[in-house]
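Encoded as structure tokens, the structure appears first; notes follow it.
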Amino acid sequence: MSAPVVVAVVGGGASGCLATTQLARSVAVTGRRFTILLVEPDGVGEGLAYRTRDPRHRLNVPAAKMSAFDDDPQHFLRWLRRHVAVDFPSGGFAPRQFYADYLRHTLEETLRAATGVRYERVCARATDVRRHGRRLRLTLDDGTSHPVDAVVLALGHGAPTASWAPPALARSPRFVADPWRADAQPHVPAGSDVLLVGAGLTMADMAQRWSRAGVRLHVTSRHGLLPLPHAVNPAPPLTAPELPDGPVSLARARHLVFDHIRAAGGDWRRAVDGLRPVTAELWSRLDAAARSTFVATTMRRWDQVRHRVDPAVHAWLEQRRAEGSLVVHAARVVDAQETAAGVEVSLSDGSRVLAAAVVNCTGAGAGVRTNHDPLVMNLLASGLATPDSLDLGFATEASGRLVTADGPRPAIWAIGPLRRGELWESTAIPEIRGQAAALARAVVAALPGPRVVRRVRDPYGLPLTASPEAADRYVAGLGQILRVRSGAETLVAEAVAADPQFALGQAVLALLGAEWGADVDVETALRDAQRHAARADERERRFIEVVAARIREPGAGSAAALLSYIQAYPEDALAVSIAVPTIAFSGATEIPAEAWALVEGLAAVYRDDWWYRGLLAFTRQEQENWEEAAELAALALAVEPTAGHAVHAKTHVHYETGDHEAGLAWLDGWISTCGSDSSHRAHFAWHAALHELALGDDSAARARFSTQLSPPAVSGVRALIDSASLLWRGFAAGAWTSVELGPVLETVPGTLLVDPPTPFVGLHSAVALAAAGDCRRLAQLRRSAAARTSPVFTDTVAPLADALMHLLHGDPDRATDALIALPGVERLGGSAAQREIVEDTTIYCAIQANRPNIARSLLQTRLERRCSPRDVHRRAQLLTGQQAARSSPTE
């Protein structure tokens, strides 16, 4: 067996943590053996930015934008809510100490899940990298060295330069040259002044650190510009402008930026944030002279509008400024003199400050040519690295690989601030995490070993016949499916694009098109899956056959094939998801107890897995075991707050137990945060609207329909099952006096309405067509259902259509009798809350037929199941009306 590949990540701050995390992710899907050395003498995850333990030092970006992963933007926010505060706002600015904890935790979790990856922490400082045959040798300051196959330089920000400081100041014990690394701090008694040199983000942190009662702060910088705040309620970024072809002059770039700000109506924050997707490309179009001019003339202003602070920090600075405990100077330091009372600093505006301490807040250090880090100096001296044109960092290729002075390229990559000269925006987390993912793919692809490994596996251990890149995308897409989140089809499509012969991926793409309504050419994807099936293994071929049967020959035969497949491969969580009728797929069982038995029988396979717990929670709520369902859902959500099945189970528990106010509040909070990208967001909105109808808040239910359930936001089968059903239920319950289903049904394919694929869809088609007064298509549906071989279609859907035809023909009395006698409603599929539409329709027909006893009896039975203020009121109305009729004289 060949020796494992060894990659050294030099630097354990944010850049190093993210690079190591992405390397572990990329390696895990290849099945190769990898050793990752993380070389960091201090705390992992901290670096310059996050080593502070001062809770006043906040992130300069809202929590919702600080995820470690581009494909999971809420990851950090969920971590905060799990480990810090359950209600931490998405727009809140977390203390920076928590971000270091988050980076460490994320790295640890990734490494635990990364099969084949060995991780070693090296507590030392790297001093040199040299060629070592076909490999590299990394030398450390403890005298040891390591042969490695690749090096990732995540050195972060260099020490700030103090070249601006006059000699007397530089020698003074009251001068803090590096505020983040200082071993000792000058004594600052009450009544003293402190001078902060530099007015950027470092100053904001140091102002909070040094501020105390009786101490006045002075801030001086060339421009005297304090950091600007983020908006309290930020508008979404403006769409990035199109860049002109070819090189761009600095004047043209400035015009483009100012035009973009004008297009945002003067909202410069929205405009600047909207430029982020094209900033690196725009920077690359500037020549060396233009970049140099920008750094000399415009950089400080750009940094001020681009890198902003927590509004609360800005307000604190302005308050200190207003009360006089913070004084701002637009001036340079020109001289200094040590005195017994302090160091007297002269500024270019003519003022003098007698300071007990002078703190260097000028930020990032000098260029790499004047950098005193032994590793940087040795890399430049050996020619393994070259400075970029501005001397801000190293010259790199697009992937971050270093450009050498001459000779073959070494397997050395850079990430973060070292790439600022090439990319300009290379210090914020959103940019660094993107670099980390791209760098990891490039490193894995460049290192020795096979590019495609046979035994790539999914999260539950099933092998995938795919390239590493395709498997990575597929596994991410599978995660979205299991969480019931949007974006799965995009990720699976990317997997297929990366490996066009990935037959399983093609089959899953076809499945998402057929059952999730994804924008997929279902037949083409299915044909491609079958064409490439010979390359797949036996399990994958059987799955492709199951999907083909489900799409082309739906019915008992395809359902039996799926259940047989699960018996052979119970670890296939996707197949189980398809088979169990919940929110995600229509299922493969007609009797609820069959689905319950399937889920319960998998306990030994999945144990305490979050996805399985969510599915089991949904089963328990269907069994009316509310307490256990709620407990299982809570356990799943504690691990994965976006777990769709757990959320669905918790939602049903609230509804079925009549806990409408709490259920509505919780669901609204989840929809606006973790559920904002749920693929079935409309269904959760439907659940929230049911709470509003039960509470009698009709205007809220109608408003929710307009904003969350009306076309074009919802279309296809979801519009039928959620939107159309809500309109009818509200009308039947008296929440509104008319129902207009035309716009909703226009988004539903006509064949779905008259020839539904499942009895559950048939139920909603029948009710929707009746609500729309569409006798012709309701009759078509009835004929289609009666011609099926499934007894649920013939014995339940067809009679349901007959009953609704009676209602449309003006005979609610016959409709009521037919609905009361309707058999097999529990076999229609879906949840009890969804099938309740039959009961709602029966109550409506009974009232129209002037049979209040039946309507009241149905309402009473429902109220015995759960509380509902609306149903209490409706039952009272029926009782009052009946008593009034009894007491009125006969004619």
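Within each chain, counting starts at residue 1; across the structure tokens, chains are named A, B, ... in the order shown, with ligands numbered 1 upward in that order.
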### Task
Using only C-alpha atoms, determine which residues lie at most 12 Å from region 264-276 of chain A, disregarding the query and same-chain residues fewer than 6 positions distant; provide the list as an MDAnalysis selection string.
chainID A and resid 61 65 228:243 253 256:258 282:283 302:308 423:426 428 430:431
#### Entry: Selection: 10 Å around Arg125 (chain A), only C-alpha atoms, excl. self and same-chain fewer than 3 positions, as JSON, numbers by chain
{"A": [10, 11, 39, 40, 41, 42, 122, 128, 139, 140, 141, 142, 374, 375]}
### Task
Tell me which of A:Pro160, A:Gly461, A:Pro173, A:Gly45 sits closest to Asn371 (chain A), counting only C-alpha atoms.
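Going through A:Pro160, A:Gly461, A:Pro173, A:Gly45 one by one, the smallest distance to Asn371 (chain A) is for A:Pro160.
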## Note on the structure
Using only C-alpha atoms, the shortest atom-to-atom distance to Ala617 (chain A) among A:Val647, A:Pro592, A:Asp87, A:Ala466 belongs to A:Val647
### Message
Taking only C-alpha atoms into account, name the residue in A:Ala595, A:Leu526, A:Val151, A:Ala685 that is nearest to Leu439 (chain A).
### Response
A:Val151
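Nearest-residue note for Gln848 (chain A): choosing from A:Asp811, A:Glu489, A:Glu864, A:Glu281, the minimum distance belongs to A:Asp811, counting only C-alpha atoms.
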### Query
With only C-alpha atoms as the basis for distance, which of A:Pro311, A:Ile566, A:Ile837, A:Phe585 is at the shortest distance from Leu602 (chain A)?
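Nearest to Leu602 (chain A): A:Ile566.
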#### Entry: Within 8 Å of Ala682 (chain A) using only C-alpha atoms, minus same-chain residues under 2 positions, as a ChimeraX atom specification
/A:680,684-686,708-709,714,718,722
### Task
Please provide the set of residues having any atom within 8 Å of Val744 (chain A), restricted to only C-alpha atoms, with same-chain residues fewer than 3 positions apart removed, written as a ChimeraX atom specification.
/A:710-711,715,719-720,723-724,741,747-748
Export, as an mmCIF file, in the first residue's frame, the selected residues with C-alpha atoms.
```cif
data_model
loop_
_atom_site.group_PDB
_atom_site.id
_atom_site.type_symbol
_atom_site.label_atom_id
_atom_site.label_comp_id
_atom_site.auth_asym_id
_atom_site.auth_seq_id
_atom_site.Cartn_x
_atom_site.Cartn_y
_atom_site.Cartn_z
ATOM 1 C CA SER A 710 -49.939 32.622 -4.343
ATOM 2 C CA PRO A 711 -48.512 32.228 -7.855
ATOM 3 C CA SER A 715 -46.827 26.487 -8.752
ATOM 4 C CA ALA A 719 -49.967 25.029 -5.674
ATOM 5 C CA LEU A 720 -52.629 22.327 -5.865
ATOM 6 C CA SER A 723 -52.470 26.907 -2.161
ATOM 7 C CA ALA A 724 -55.723 25.620 -3.652
ATOM 8 C CA LEU A 741 -58.909 29.402 -7.856
ATOM 9 C CA THR A 747 -49.995 26.878 -12.732
ATOM 10 C CA VAL A 748 -50.964 23.200 -12.371
#
```
#### Entry: Contacts of Arg285 (chain A) at 9 Å (only C-alpha atoms; same-chain gap of 3+ positions) as an MDAnalysis selection string
chainID A and resid 245:249 280:282
Deliver the residues from the most recent selection as a file, using N, CA and C atoms, as a PDB file, in the first residue's frame.
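Now in result35.pdb:
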```pdb
ATOM      1  N   ASP A 245     -15.606  44.861 -21.602  1.00  0.00           N
ATOM      2  CA  ASP A 245     -14.573  43.933 -22.050  1.00  0.00           C
ATOM      3  C   ASP A 245     -13.203  44.588 -21.988  1.00  0.00           C
ATOM      4  N   GLY A 246     -12.188  43.758 -21.789  1.00  0.00           N
ATOM      5  CA  GLY A 246     -10.817  44.239 -21.875  1.00  0.00           C
ATOM      6  C   GLY A 246     -10.350  44.993 -20.649  1.00  0.00           C
ATOM      7  N   PRO A 247      -9.166  45.601 -20.750  1.00  0.00           N
ATOM      8  CA  PRO A 247      -8.605  46.369 -19.628  1.00  0.00           C
ATOM      9  C   PRO A 247      -9.497  47.535 -19.232  1.00  0.00           C
ATOM     10  N   VAL A 248      -9.404  47.919 -17.961  1.00  0.00           N
ATOM     11  CA  VAL A 248     -10.215  49.026 -17.429  1.00  0.00           C
ATOM     12  C   VAL A 248      -9.270  50.023 -16.783  1.00  0.00           C
ATOM     13  N   SER A 249      -9.426  51.291 -17.121  1.00  0.00           N
ATOM     14  CA  SER A 249      -8.621  52.324 -16.478  1.00  0.00           C
ATOM     15  C   SER A 249      -9.182  52.612 -15.096  1.00  0.00           C
ATOM     16  N   ALA A 280     -13.058  41.162  -7.712  1.00  0.00           N
ATOM     17  CA  ALA A 280     -11.791  40.546  -8.102  1.00  0.00           C
ATOM     18  C   ALA A 280     -11.560  40.672  -9.604  1.00  0.00           C
ATOM     19  N   GLU A 281     -12.615  40.483 -10.392  1.00  0.00           N
ATOM     20  CA  GLU A 281     -12.450  40.595 -11.843  1.00  0.00           C
ATOM     21  C   GLU A 281     -12.141  42.036 -12.241  1.00  0.00           C
ATOM     22  N   LEU A 282     -12.831  42.988 -11.618  1.00  0.00           N
ATOM     23  CA  LEU A 282     -12.563  44.391 -11.926  1.00  0.00           C
ATOM     24  C   LEU A 282     -11.116  44.739 -11.559  1.00  0.00           C
TER      25      LEU A 282
END
```
### Message
For a quick check of understanding, using only C-alpha atoms, which of A:Phe618, A:Trp610, A:Tyr119, A:Phe394 has the smallest distance to Ala8 (chain A)?
### Response
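Answer, going by the shortest atom-to-atom distance: A:Tyr119.
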### Message
Just want the 10 Å neighbourhood of Ala766 (chain A), counted on only C-alpha atoms, with same-chain residues fewer than 6 positions away dropped. Output as JSON, numbers by chain.
### Response
{"A": [753, 754, 756, 772, 774, 777, 778, 779, 781, 782, 797, 798, 800, 801, 802, 803, 804, 805]}
All heavy atoms of the current selection, written as a tab-separated table (two decimals), in the first residue's frame:
```
chain	number	residue	atom	x	y	z
A	753	LEU	N	-54.36	17.33	-13.01
A	753	LEU	CA	-55.70	17.52	-12.46
A	753	LEU	C	-56.66	16.40	-12.86
A	753	LEU	O	-57.47	15.96	-12.05
A	753	LEU	CB	-56.27	18.87	-12.93
A	753	LEU	CG	-55.61	20.12	-12.34
A	753	LEU	CD1	-56.06	21.36	-13.09
A	753	LEU	CD2	-55.93	20.25	-10.86
A	754	VAL	N	-56.58	15.94	-14.10
A	754	VAL	CA	-57.56	14.95	-14.57
A	754	VAL	C	-57.02	13.53	-14.57
A	754	VAL	O	-57.79	12.58	-14.66
A	754	VAL	CB	-58.07	15.32	-15.99
A	754	VAL	CG1	-58.74	16.69	-15.96
A	754	VAL	CG2	-56.93	15.31	-17.00
A	756	PRO	N	-54.32	12.18	-12.15
A	756	PRO	CA	-53.31	12.36	-11.10
A	756	PRO	C	-52.47	11.11	-10.92
A	756	PRO	O	-52.96	9.98	-11.07
A	756	PRO	CB	-54.14	12.66	-9.85
A	756	PRO	CG	-55.47	12.05	-10.13
A	756	PRO	CD	-55.70	12.19	-11.61
A	772	ALA	N	-63.51	25.27	-8.04
A	772	ALA	CA	-63.47	26.15	-9.21
A	772	ALA	C	-64.73	26.03	-10.05
A	772	ALA	O	-64.88	26.75	-11.06
A	772	ALA	CB	-62.24	25.81	-10.06
A	774	ASP	N	-65.56	23.51	-11.95
A	774	ASP	CA	-65.17	22.92	-13.24
A	774	ASP	C	-65.76	21.51	-13.35
A	774	ASP	O	-65.09	20.51	-13.12
A	774	ASP	CB	-63.65	22.88	-13.34
A	774	ASP	CG	-63.15	22.61	-14.75
A	774	ASP	OD1	-63.91	22.00	-15.53
A	774	ASP	OD2	-62.01	22.99	-15.06
A	777	ARG	N	-63.93	18.99	-16.12
A	777	ARG	CA	-62.69	18.31	-15.74
A	777	ARG	C	-62.88	17.43	-14.50
A	777	ARG	O	-62.17	16.44	-14.33
A	777	ARG	CB	-61.57	19.32	-15.53
A	777	ARG	CG	-61.09	19.93	-16.84
A	777	ARG	CD	-59.71	20.52	-16.73
A	777	ARG	NE	-59.71	21.77	-15.96
A	777	ARG	CZ	-58.61	22.49	-15.72
A	777	ARG	NH1	-57.44	22.07	-16.18
A	777	ARG	NH2	-58.68	23.61	-15.03
A	778	LEU	N	-63.83	17.78	-13.64
A	778	LEU	CA	-64.13	16.90	-12.51
A	778	LEU	C	-64.67	15.57	-13.01
A	778	LEU	O	-64.33	14.50	-12.47
A	778	LEU	CB	-65.12	17.57	-11.56
A	778	LEU	CG	-65.44	16.83	-10.25
A	778	LEU	CD1	-64.16	16.58	-9.45
A	778	LEU	CD2	-66.45	17.60	-9.42
A	779	ALA	N	-65.50	15.61	-14.06
A	779	ALA	CA	-66.00	14.37	-14.66
A	779	ALA	C	-64.86	13.57	-15.29
A	779	ALA	O	-64.82	12.33	-15.21
A	779	ALA	CB	-67.08	14.68	-15.70
A	781	LEU	N	-61.77	13.57	-14.30
A	781	LEU	CA	-61.04	12.98	-13.17
A	781	LEU	C	-61.76	11.75	-12.66
A	781	LEU	O	-61.13	10.72	-12.37
A	781	LEU	CB	-60.90	14.02	-12.05
A	781	LEU	CG	-60.37	13.50	-10.71
A	781	LEU	CD1	-58.95	12.96	-10.86
A	781	LEU	CD2	-60.41	14.58	-9.64
A	782	ARG	N	-63.09	11.84	-12.59
A	782	ARG	CA	-63.86	10.70	-12.09
A	782	ARG	C	-63.68	9.48	-13.00
A	782	ARG	O	-63.49	8.35	-12.53
A	782	ARG	CB	-65.34	11.09	-12.02
A	782	ARG	CG	-66.18	10.11	-11.21
A	782	ARG	CD	-67.02	9.24	-12.12
A	782	ARG	NE	-67.76	8.27	-11.30
A	782	ARG	CZ	-67.63	6.96	-11.42
A	782	ARG	NH1	-66.80	6.45	-12.30
A	782	ARG	NH2	-68.32	6.16	-10.65
A	797	VAL	N	-61.30	7.82	-4.58
A	797	VAL	CA	-61.19	9.04	-5.39
A	797	VAL	C	-62.39	9.20	-6.31
A	797	VAL	O	-62.96	10.29	-6.41
A	797	VAL	CB	-59.87	9.04	-6.19
A	797	VAL	CG1	-59.81	10.29	-7.08
A	797	VAL	CG2	-58.67	9.01	-5.24
A	798	ALA	N	-62.79	8.11	-7.01
A	798	ALA	CA	-63.94	8.21	-7.92
A	798	ALA	C	-65.22	8.57	-7.18
A	798	ALA	O	-65.96	9.49	-7.59
A	798	ALA	CB	-64.10	6.90	-8.70
A	800	LEU	N	-65.47	10.16	-4.38
A	800	LEU	CA	-65.30	11.54	-3.92
A	800	LEU	C	-65.67	12.51	-5.04
A	800	LEU	O	-66.37	13.51	-4.81
A	800	LEU	CB	-63.86	11.78	-3.48
A	800	LEU	CG	-63.47	13.23	-3.16
A	800	LEU	CD1	-64.27	13.76	-1.98
A	800	LEU	CD2	-61.97	13.35	-2.88
A	801	ALA	N	-65.21	12.24	-6.26
A	801	ALA	CA	-65.55	13.09	-7.40
A	801	ALA	C	-67.07	13.08	-7.63
A	801	ALA	O	-67.66	14.13	-7.93
A	801	ALA	CB	-64.82	12.62	-8.64
A	802	ASP	N	-67.73	11.91	-7.48
A	802	ASP	CA	-69.19	11.83	-7.61
A	802	ASP	C	-69.87	12.74	-6.59
A	802	ASP	O	-70.83	13.48	-6.90
A	802	ASP	CB	-69.66	10.39	-7.41
A	802	ASP	CG	-69.44	9.52	-8.64
A	802	ASP	OD1	-69.43	10.09	-9.76
A	802	ASP	OD2	-69.26	8.30	-8.49
A	803	ALA	N	-69.40	12.66	-5.34
A	803	ALA	CA	-70.02	13.48	-4.29
A	803	ALA	C	-69.90	14.96	-4.60
A	803	ALA	O	-70.85	15.73	-4.42
A	803	ALA	CB	-69.35	13.16	-2.95
A	804	LEU	N	-68.75	15.38	-5.08
A	804	LEU	CA	-68.54	16.79	-5.39
A	804	LEU	C	-69.34	17.22	-6.62
A	804	LEU	O	-69.72	18.39	-6.73
A	804	LEU	CB	-67.04	17.05	-5.58
A	804	LEU	CG	-66.20	16.86	-4.30
A	804	LEU	CD1	-64.71	16.96	-4.60
A	804	LEU	CD2	-66.59	17.88	-3.23
A	805	MET	N	-69.58	16.28	-7.54
A	805	MET	CA	-70.45	16.59	-8.68
A	805	MET	C	-71.86	16.91	-8.18
A	805	MET	O	-72.53	17.82	-8.70
A	805	MET	CB	-70.49	15.41	-9.65
A	805	MET	CG	-69.18	15.18	-10.40
A	805	MET	SD	-68.87	16.43	-11.68
A	805	MET	CE	-70.03	15.90	-12.93
```
